[in-house]
>>> print(open('work_22.csv').read())   # CSV, C-alpha atoms (C1' of nucleotides)
chain,number,residue,atom,x,y,z
A,1,MET,CA,0.0,0.0,0.0
A,2,ALA,CA,1.3,3.4,-0.9
A,3,PRO,CA,2.3,5.6,2.1
A,4,PRO,CA,-0.3,8.1,3.2
A,5,SER,CA,-0.1,11.6,1.7
A,6,VAL,CA,0.7,14.1,4.4
A,7,ILE,CA,0.6,17.9,4.1
A,8,PHE,CA,2.3,20.2,6.5
A,9,ALA,CA,1.3,23.8,7.3
A,10,GLY,CA,3.7,26.1,9.1
A,11,SER,CA,5.3,29.5,8.8
A,12,HIS,CA,7.5,30.2,11.8
A,13,PRO,CA,11.1,28.7,12.1
A,14,ILE,CA,10.1,26.8,15.1
A,15,ALA,CA,8.3,24.3,12.8
A,16,LEU,CA,11.4,23.6,10.7
A,17,PRO,CA,12.9,20.7,12.6
A,18,LEU,CA,9.5,19.1,12.7
A,19,LEU,CA,9.2,19.5,9.0
A,20,GLN,CA,12.6,18.0,8.5
A,21,ARG,CA,11.6,15.0,10.7
A,22,LEU,CA,8.6,14.5,8.5
A,23,TYR,CA,10.8,14.7,5.4
A,24,ASP,CA,13.0,12.0,6.9
A,25,ARG,CA,9.9,9.7,7.2
A,26,HIS,CA,9.1,10.7,3.7
A,27,GLN,CA,12.4,9.4,2.5
A,28,THR,CA,12.1,6.2,4.4
A,29,GLY,CA,8.7,5.6,2.8
A,30,GLN,CA,6.6,5.8,5.9
A,31,LEU,CA,4.6,8.7,4.5
A,32,ARG,CA,4.5,10.9,1.5
A,33,LEU,CA,5.2,14.5,2.1
A,34,ALA,CA,2.9,15.8,-0.6
A,35,GLY,CA,3.2,19.5,0.0
A,36,ILE,CA,3.7,22.4,2.3
A,37,ILE,CA,1.3,25.3,3.1
A,38,SER,CA,2.9,28.5,4.4
A,39,GLN,CA,2.2,32.2,4.6
A,40,PRO,CA,2.7,34.3,1.5
A,41,ASP,CA,6.0,36.1,0.9
A,42,ARG,CA,6.2,39.3,2.8
A,43,LEU,CA,8.0,42.6,2.4
A,44,SER,CA,10.7,42.1,4.9
A,45,GLY,CA,14.3,42.7,5.8
A,46,ARG,CA,16.4,45.7,4.8
A,47,GLY,CA,15.3,47.0,1.4
A,48,LYS,CA,11.8,45.5,2.1
A,49,SER,CA,12.1,42.8,-0.5
A,50,MET,CA,9.6,40.0,-0.8
A,51,THR,CA,10.9,37.3,1.3
A,52,PRO,CA,9.5,33.8,1.6
A,53,THR,CA,9.0,32.2,5.0
A,54,ILE,CA,11.8,29.9,6.1
A,55,LEU,CA,9.5,26.9,5.5
A,56,SER,CA,8.7,28.2,2.0
A,57,GLN,CA,12.4,28.4,1.3
A,58,TRP,CA,12.9,24.9,2.6
A,59,ALA,CA,10.1,23.6,0.4
A,60,MET,CA,11.7,25.1,-2.7
A,61,GLU,CA,15.1,23.8,-1.8
A,62,HIS,CA,13.7,20.3,-1.3
A,63,ASN,CA,11.4,20.5,-4.4
A,64,ILE,CA,8.2,20.0,-2.4
A,65,SER,CA,5.0,21.4,-3.7
A,66,LEU,CA,4.2,24.7,-2.0
A,67,HIS,CA,1.0,26.6,-1.4
A,68,ARG,CA,1.0,30.1,-0.1
A,69,PRO,CA,-2.5,31.6,0.2
A,70,GLU,CA,-3.3,34.8,1.9
A,71,LYS,CA,-5.7,32.8,4.0
A,72,PRO,CA,-6.7,29.1,3.6
A,73,ASP,CA,-9.6,29.3,1.1
A,74,GLU,CA,-11.2,27.4,-1.9
A,75,SER,CA,-7.9,27.3,-3.7
A,76,THR,CA,-6.5,25.5,-0.7
A,77,VAL,CA,-9.3,22.9,-0.8
A,78,THR,CA,-8.5,22.3,-4.4
A,79,TRP,CA,-4.8,22.1,-3.8
A,80,LEU,CA,-5.3,19.6,-1.0
A,81,LYS,CA,-7.6,17.5,-3.1
A,82,GLU,CA,-5.2,17.4,-6.0
A,83,ARG,CA,-2.6,16.0,-3.6
A,84,SER,CA,-5.1,13.6,-2.1
A,85,CYS,CA,-4.2,14.8,1.4
A,86,LYS,CA,-4.8,12.1,4.0
A,87,LEU,CA,-3.4,13.9,7.0
A,88,LEU,CA,-2.8,17.6,7.6
A,89,LEU,CA,-0.3,18.5,10.3
A,90,VAL,CA,0.1,22.1,11.5
A,91,MET,CA,2.6,24.0,13.6
A,92,ALA,CA,3.0,27.8,13.9
A,93,TYR,CA,1.1,28.4,10.7
A,94,GLY,CA,-0.5,31.6,11.8
A,95,HIS,CA,-4.1,31.2,10.5
A,96,MET,CA,-7.3,29.6,11.7
A,97,ILE,CA,-8.3,26.8,9.4
A,98,GLY,CA,-11.9,26.6,8.3
A,99,LYS,CA,-14.4,23.8,8.6
A,100,THR,CA,-14.2,22.7,4.9
A,101,ILE,CA,-10.5,22.1,5.2
A,102,ARG,CA,-10.7,20.6,8.6
A,103,GLU,CA,-13.1,17.9,7.4
A,104,LEU,CA,-11.2,17.2,4.2
A,105,PRO,CA,-8.3,14.9,5.3
A,106,PRO,CA,-9.6,11.4,6.2
A,107,LEU,CA,-6.9,10.9,8.8
A,108,GLY,CA,-7.7,14.3,10.3
A,109,ILE,CA,-6.0,17.6,11.0
A,110,PHE,CA,-3.7,18.1,14.0
A,111,ASN,CA,-1.7,20.9,15.5
A,112,PHE,CA,1.5,21.0,17.5
A,113,HIS,CA,1.0,23.8,20.0
A,114,ALA,CA,3.9,25.2,22.0
A,115,SER,CA,2.4,25.0,25.4
A,116,LEU,CA,1.1,22.4,27.9
A,117,LEU,CA,-2.6,22.9,27.1
A,118,PRO,CA,-5.0,24.1,28.2
A,119,ARG,CA,-2.8,26.9,29.4
A,120,PHE,CA,-1.5,29.4,26.9
A,121,ARG,CA,-3.9,28.9,24.0
A,122,GLY,CA,-3.3,31.4,21.2
A,123,ALA,CA,-0.6,33.2,19.4
A,124,THR,CA,2.3,33.7,21.8
A,125,PRO,CA,2.6,30.7,24.1
A,126,ILE,CA,6.4,30.8,24.4
A,127,GLU,CA,6.5,34.5,25.3
A,128,ALA,CA,3.6,34.1,27.8
A,129,ALA,CA,5.2,31.1,29.4
A,130,LEU,CA,8.5,32.9,29.8
A,131,ALA,CA,6.9,36.0,31.3
A,132,SER,CA,4.7,33.9,33.7
A,133,GLY,CA,7.6,32.6,35.6
A,134,ILE,CA,6.7,28.9,35.4
A,135,GLU,CA,9.5,26.5,35.2
A,136,GLU,CA,8.2,24.1,32.7
A,137,THR,CA,6.2,24.3,29.5
A,138,GLY,CA,6.0,22.0,26.5
A,139,VAL,CA,4.4,21.1,23.2
A,140,THR,CA,0.9,19.5,22.9
A,141,LEU,CA,-0.4,17.6,20.0
A,142,MET,CA,-4.1,18.1,19.5
A,143,LYS,CA,-7.0,17.9,17.0
A,144,ILE,CA,-7.8,21.2,15.3
A,145,ILE,CA,-11.4,22.3,15.9
A,146,ARG,CA,-13.3,25.4,15.4
A,147,GLU,CA,-12.3,26.9,18.7
A,148,MET,CA,-8.7,28.1,18.9
A,149,ASP,CA,-6.3,25.5,20.4
A,150,ALA,CA,-9.2,23.8,22.2
A,151,GLY,CA,-9.2,20.4,20.5
A,152,ASP,CA,-8.8,17.0,22.1
A,153,THR,CA,-5.2,16.2,22.9
A,154,LEU,CA,-3.2,13.1,21.9
A,155,GLY,CA,-0.3,13.8,24.1
A,156,SER,CA,2.3,16.3,25.1
A,157,ILE,CA,5.9,16.6,26.0
A,158,SER,CA,7.4,19.0,28.5
A,159,ALA,CA,10.5,21.1,28.4
A,160,PRO,CA,12.1,23.0,31.3
A,161,ILE,CA,12.5,26.8,31.3
A,162,ALA,CA,15.9,27.7,32.5
A,163,PHE,CA,16.4,31.0,34.4
A,164,HIS,CA,18.2,32.7,31.6
A,165,ASP,CA,16.1,31.4,28.7
A,166,THR,CA,14.9,33.9,26.2
A,167,GLN,CA,12.6,33.2,23.2
A,168,THR,CA,15.6,31.9,21.3
A,169,GLU,CA,16.6,29.1,23.8
A,170,LEU,CA,13.0,28.1,24.6
A,171,THR,CA,11.9,28.1,21.0
A,172,ASP,CA,14.8,25.8,20.3
A,173,LYS,CA,13.8,23.4,23.1
A,174,LEU,CA,10.2,23.3,22.1
A,175,SER,CA,11.1,23.0,18.5
A,176,HIS,CA,12.9,19.7,19.2
A,177,ALA,CA,10.2,18.6,21.7
A,178,ALA,CA,7.8,18.8,18.8
A,179,CYS,CA,10.0,16.4,16.9
A,180,SER,CA,9.9,13.9,19.8
A,181,LEU,CA,6.2,14.3,20.1
A,182,CYS,CA,5.8,13.6,16.4
A,183,GLU,CA,8.0,10.6,16.7
A,184,SER,CA,5.8,9.2,19.4
A,185,PHE,CA,2.5,9.7,17.8
A,186,LEU,CA,3.2,9.4,14.1
A,187,PRO,CA,2.2,5.7,14.0
A,188,GLN,CA,-1.2,6.6,15.5
A,189,LEU,CA,-1.7,9.5,13.2
A,190,LEU,CA,-0.8,7.5,10.1
A,191,SER,CA,-3.0,4.6,11.1
A,192,GLY,CA,-6.0,6.6,12.1
A,193,ASN,CA,-6.3,4.9,15.4
A,194,ILE,CA,-6.3,8.0,17.4
A,195,ILE,CA,-6.7,8.0,21.2
A,196,CYS,CA,-7.3,11.4,22.4
A,197,ILE,CA,-8.8,13.1,25.5
A,198,PRO,CA,-10.7,16.4,26.0
A,199,GLN,CA,-8.8,19.3,27.5
A,200,PRO,CA,-9.5,20.0,31.2
A,201,ASN,CA,-11.9,22.8,31.9
A,202,GLU,CA,-9.7,24.1,34.6
A,203,GLY,CA,-6.5,26.1,33.9
A,204,ILE,CA,-7.4,27.5,30.6
A,205,SER,CA,-5.7,30.7,29.5
A,206,PHE,CA,-5.0,32.6,26.4
A,207,CYS,CA,-2.1,34.7,25.0
A,208,ARG,CA,-2.5,37.6,22.6
A,209,LYS,CA,-0.4,38.7,19.7
A,210,LEU,CA,2.4,41.1,20.4
A,211,GLU,CA,2.3,44.7,19.4
A,212,ALA,CA,4.9,47.4,18.9
A,213,SER,CA,4.2,49.1,22.2
A,214,ASP,CA,5.1,45.9,24.1
A,215,ARG,CA,8.8,46.9,23.8
A,216,PHE,CA,8.4,49.4,26.6
A,217,LEU,CA,8.7,48.6,30.2
A,218,ASP,CA,7.2,49.6,33.5
A,219,PHE,CA,10.0,50.0,36.1
A,220,HIS,CA,7.6,50.1,39.0
A,221,ILE,CA,7.2,46.4,39.0
A,222,PRO,CA,9.6,44.0,40.8
A,223,ALA,CA,13.0,43.2,39.1
A,224,GLU,CA,12.2,39.5,38.9
A,225,VAL,CA,9.0,40.1,36.9
A,226,LEU,CA,10.8,42.6,34.6
A,227,HIS,CA,13.6,40.1,34.1
A,228,ARG,CA,11.1,37.5,32.9
A,229,ARG,CA,9.2,40.0,30.8
A,230,ILE,CA,12.4,41.1,29.0
A,231,ARG,CA,13.5,37.5,28.4
A,232,ALA,CA,10.0,36.8,27.1
A,233,LEU,CA,10.2,39.6,24.6
A,234,THR,CA,13.8,39.1,23.5
A,235,PRO,CA,14.9,39.2,20.7
A,236,ARG,CA,11.5,40.0,19.3
A,237,PRO,CA,10.1,42.6,19.5
A,238,GLY,CA,13.0,43.4,22.0
A,239,CYS,CA,12.6,45.6,25.0
A,240,VAL,CA,14.0,49.2,25.3
A,241,PHE,CA,14.5,51.8,28.0
A,242,GLU,CA,14.3,55.4,27.1
A,243,ILE,CA,15.9,58.3,28.9
A,244,GLY,CA,15.1,61.7,27.5
A,245,ASN,CA,15.6,61.4,23.7
A,246,HIS,CA,17.9,58.4,24.0
A,247,VAL,CA,16.5,54.9,23.4
A,248,PHE,CA,18.5,51.9,24.2
A,249,LYS,CA,17.5,48.4,23.2
A,250,ILE,CA,18.2,45.6,25.6
A,251,ARG,CA,19.5,42.3,24.4
A,252,SER,CA,20.6,40.7,27.6
A,253,ILE,CA,20.1,41.4,31.3
A,254,ASP,CA,20.6,39.7,34.7
A,255,LEU,CA,19.3,40.2,38.2
A,256,ASP,CA,21.8,42.3,40.2
A,257,PRO,CA,22.5,40.3,43.4
A,258,SER,CA,24.1,43.2,45.2
A,259,GLY,CA,21.0,44.3,47.1
A,260,PHE,CA,18.6,47.1,47.3
A,261,HIS,CA,18.7,50.7,46.0
A,262,SER,CA,16.6,53.4,47.4
A,263,LYS,CA,16.2,55.1,44.1
A,264,THR,CA,13.3,56.0,41.9
A,265,PRO,CA,12.3,53.0,39.7
A,266,GLY,CA,13.9,53.3,36.3
A,267,THR,CA,17.0,55.1,37.6
A,268,LEU,CA,20.1,54.2,35.6
A,269,LEU,CA,22.9,53.2,38.0
A,270,LYS,CA,26.6,53.1,37.3
A,271,LEU,CA,28.1,50.2,39.3
A,272,THR,CA,31.6,49.2,40.0
A,273,GLY,CA,33.6,48.0,37.1
A,274,SER,CA,32.0,48.5,33.7
A,275,ASN,CA,28.5,47.7,34.9
A,276,ALA,CA,25.2,49.5,34.5
A,277,ALA,CA,21.9,48.7,36.0
A,278,LEU,CA,18.3,49.9,36.1
A,279,VAL,CA,16.4,50.1,39.4
A,280,ALA,CA,13.1,48.2,39.5
A,281,GLY,CA,10.0,48.8,41.6
A,282,ASP,CA,11.1,46.6,44.5
A,283,GLY,CA,14.5,48.3,44.8
A,284,LYS,CA,16.4,45.5,43.2
A,285,ALA,CA,18.2,46.2,40.0
A,286,LEU,CA,18.6,44.7,36.6
A,287,LEU,CA,22.1,44.5,35.3
A,288,LEU,CA,22.5,45.5,31.7
A,289,LYS,CA,24.6,42.9,30.0
A,290,GLU,CA,24.2,43.8,26.3
A,291,ILE,CA,22.6,46.9,24.9
A,292,GLN,CA,22.2,48.7,21.6
A,293,ALA,CA,22.1,52.3,20.6
A,294,PRO,CA,20.0,53.3,17.5
A,295,GLY,CA,21.8,52.4,14.3
A,296,LYS,CA,24.5,50.5,16.2
A,297,PRO,CA,25.2,46.9,16.8
A,298,PHE,CA,24.5,45.2,20.1
A,299,LEU,CA,27.4,45.5,22.4
A,300,PRO,CA,28.4,44.0,25.7
A,301,ILE,CA,28.0,46.8,28.3
A,302,ALA,CA,31.8,47.1,28.8
A,303,ASP,CA,32.5,47.6,25.1
A,304,PHE,CA,29.5,50.0,24.9
A,305,LEU,CA,30.9,52.2,27.7
A,306,ARG,CA,34.3,52.6,26.0
A,307,GLY,CA,32.7,54.7,23.3
A,308,HIS,CA,29.4,55.9,24.6
A,309,GLU,CA,28.3,57.9,27.6
A,310,LEU,CA,25.2,56.9,29.5
A,311,PRO,CA,22.9,59.4,31.3
A,312,TRP,CA,23.8,58.1,34.8
A,313,GLY,CA,21.3,58.8,37.5
A,314,MET,CA,18.6,59.7,35.0
A,315,ILE,CA,15.3,57.9,35.1
A,316,SER,CA,13.9,55.7,32.4
A,317,THR,CA,10.4,56.4,31.3
A,318,SER,CA,7.9,53.8,32.5
A,319,HIS,CA,5.0,52.7,30.3
A,320,PRO,CA,2.1,50.5,31.4
A,321,MET,CA,2.6,46.9,30.3
A,322,LYS,CA,-0.3,44.9,29.0
A,323,PRO,CA,-0.4,41.4,30.3
A,324,LEU,CA,0.6,38.6,27.9
A,325,GLU,CA,-1.7,36.0,29.4
A,326,HIS,CA,-5.5,36.3,29.9
A,327,THR,CA,-8.0,34.1,31.5
A,328,SER,CA,-10.8,34.8,29.1
A,329,PHE,CA,-11.2,35.3,25.4
A,330,PRO,CA,-11.5,37.7,23.7
A,331,PHE,CA,-9.2,39.9,25.7
B,1,C,C1',14.7,52.3,-6.2
B,2,G,C1',10.2,52.0,1.4
B,3,C,C1',12.5,55.1,5.7
B,4,A,C1',16.8,56.1,8.7
B,5,G,C1',21.9,55.4,11.0
B,6,G,C1',26.8,53.5,10.3
B,7,G,C1',32.0,51.3,8.2
B,8,U,C1',38.6,55.2,11.3
B,9,G,C1',45.2,50.4,14.7
B,10,G,C1',42.9,44.2,18.3
B,11,A,C1',37.5,46.3,20.9
B,12,G,C1',34.3,50.7,21.3
B,13,C,C1',34.2,55.7,19.6
B,14,A,C1',35.7,61.2,18.2
B,15,G,C1',37.3,63.8,13.9
B,16,U,C1',33.8,64.7,8.2
B,17,C,C1',29.6,70.3,8.2
B,18,U,C1',34.3,74.5,7.5
B,19,G,C1',40.0,69.7,3.1
B,20,G,C1',46.1,70.9,5.9
B,21,U,C1',50.9,66.1,10.9
B,22,A,C1',45.7,59.9,12.9
B,23,G,C1',43.0,61.4,18.2
B,24,C,C1',40.1,59.4,22.8
B,25,U,C1',38.7,55.3,26.3
B,26,C,C1',40.5,50.4,26.6
B,27,G,C1',43.3,46.1,25.1
B,28,U,C1',48.3,44.0,23.8
B,29,C,C1',53.8,44.2,24.7
B,30,A,C1',58.1,46.0,27.7
B,31,G,C1',59.7,48.4,32.1
B,32,G,C1',58.6,50.6,37.0
B,33,C,C1',55.8,50.9,41.7
B,34,U,C1',53.2,47.6,45.2
B,35,C,C1',52.4,42.4,50.3
B,36,A,C1',49.1,42.3,46.2
B,37,U,C1',45.5,43.4,42.2
B,38,A,C1',40.9,43.9,36.8
B,39,A,C1',44.7,49.5,40.6
B,40,C,C1',48.7,53.3,39.5
B,41,C,C1',53.3,55.4,36.6
B,42,U,C1',56.6,55.3,32.2
B,43,G,C1',57.5,53.7,27.3
B,44,A,C1',56.5,50.9,22.7
B,45,A,C1',54.3,48.3,18.9
B,46,G,C1',50.0,48.2,15.9
B,47,G,C1',46.3,52.1,10.5
B,48,U,C1',45.0,50.2,2.6
B,49,C,C1',40.5,55.9,7.7
B,50,C,C1',35.2,49.7,3.6
B,51,U,C1',36.4,49.5,-2.0
B,52,A,C1',37.0,51.9,-6.9
B,53,G,C1',37.2,56.2,-9.6
B,54,G,C1',37.0,61.7,-9.6
B,55,U,C1',38.0,67.1,-7.8
B,56,U,C1',42.5,69.4,-5.5
B,57,C,C1',49.0,71.8,-4.4
B,58,A,C1',46.7,68.7,-0.5
B,59,A,C1',41.1,64.1,0.8
B,60,A,C1',39.2,60.1,6.7
B,61,U,C1',36.9,64.9,5.3
B,62,C,C1',34.1,67.2,-1.0
B,63,C,C1',31.8,64.4,-5.7
B,64,U,C1',30.2,59.6,-8.3
B,65,A,C1',29.5,54.4,-8.2
B,66,G,C1',29.8,49.8,-5.5
B,67,C,C1',30.2,46.3,-1.1
B,68,C,C1',29.1,45.3,3.9
B,69,C,C1',26.7,46.2,8.8
B,70,U,C1',22.4,48.2,12.1
B,71,G,C1',17.3,49.9,13.3
B,72,C,C1',12.1,50.6,11.8
B,73,A,C1',8.2,47.1,9.4
B,74,C,C1',6.2,41.8,9.2
>>> encode(input="work_22.csv", output="structure tokens")
Amino acid sequence: MAPPSVIFAGSHPIALPLLQRLYDRHQTGQLRLAGIISQPDRLSGRGKSMTPTILSQWAMEHNISLHRPEKPDESTVTWLKERSCKLLLVMAYGHMIGKTIRELPPLGIFNFHASLLPRFRGATPIEAALASGIEETGVTLMKIIREMDAGDTLGSISAPIAFHDTQTELTDKLSHAACSLCESFLPQLLSGNIICIPQPNEGISFCRKLEASDRFLDFHIPAEVLHRRIRALTPRPGCVFEIGNHVFKIRSIDLDPSGFHSKTPGTLLKLTGSNAALVAGDGKALLLKEIQAPGKPFLPIADFLRGHELPWGMISTSHPMKPLEHTSFPF
RNA sequence: CGCAGGGUGGAGCAGUCUGGUAGCUCGUCAGGCUCAUAACCUGAAGGUCCUAGGUUCAAAUCCUAGCCCUGCAC
């Protein structure tokens, strides 16, 4: 019997290892990777040229059929039928998928979601998990239904959040967790003998999309919370502090263990050696490890201070910060 | 041709507008001081000022073209 035809939908780089894993199975004949759905090319990068998603690029390099609709629509239905799609797998695709398409593949449609559901449903589970302060998150494999990230789950795999993890590190862990998860459940998925359970009604939460204003910080909150928030938003969109007309982007920070400062929250402190810190709401400080001036590269703070002056003692502007996690939907 | 900033010894920057001896904070090396040090003192090495043309008595600086880097946006 010919291997089942599988279509993969994804846009974000986090899904690339999973796609590669599916391709490995394709080459060993366990399945047939019949095509990839990704978001359309966007104007991006310097020069604003049309740039395909990383998964689109991968598809072109591996000569896999590629479909890039603005949103999944009738053309997508046709495209799936042409490839006699038996199973549709999704990770970080970026669009809701309508009923017609959901009901098309005989083996079903499943999503790899980067959280331990039912917590952190929605667009930014990695960021929200980092900001929340929990020490463990994961990837969940679930059926796709009408309601966002609410389908019955087949299983999940967890990954620890280390104290210094940013999006980069955590995304990498979850990216590979998704591979393991796929490994465990691919036989079930391909056979159609699915064992899944409903998500609990307790512990549901949602995370919103990020917006440009999320880069700003409120220094009235405790250092530990700020530390998590900054790691959650690094490198994208990246957090900044602004003093007067100067804006500095933060790439890397640490909690200053040296104690308490009775200074206004947001005060920029010059510490011994080539160290700089920002005072938070609880009097603890955040060590600046790596920052960036406009139009300049990121620099370790010691290097930065060799060529730049910082407005010592001045106070960074605080902006209210919208929560990343919500207990109800819509927000 | 989306907008904007930048490229100067090993690192980070000033100097460019107004052309005229390559400068600052560090690092490196040598010596000194010190119980000692990432501290201090003295000295030294280290440069195609991104590239290629042009203007000029003279270009890091002005003109033209190109390469590379960074931010905005998604």
>>> interface_residues(input="work_22.csv", of="chain B", to="chain A", cutoff="10 Å", atoms="only C-alpha atoms (C1' of nucleotides)", output="JSON, numbers by chain")
{"B": [1, 2, 3, 4, 5, 6, 11, 12, 13, 14, 24, 25, 26, 38, 69, 70, 71, 72, 73, 74]}
>>> atom_distance(input="work_22.csv", atom1="atom C1' of B:U28", atom2="atom C1' of B:A60")
25.2 Å
>>> atom_distance(input="work_22.csv", atom1="atom CA of A:Arg229", atom2="atom CA of A:Ile157")
24.1 Å
>>> atom_distance(input="work_22.csv", atom1="atom CA of A:His26", atom2="atom CA of A:Gln188")
16.2 Å
>>> closest_residue(input="work_22.csv", among="A:Glu169, A:Asp41, A:Glu183, A:Glu147", to="A:Asp24", atoms="all atoms listed in the file")
A:Glu183
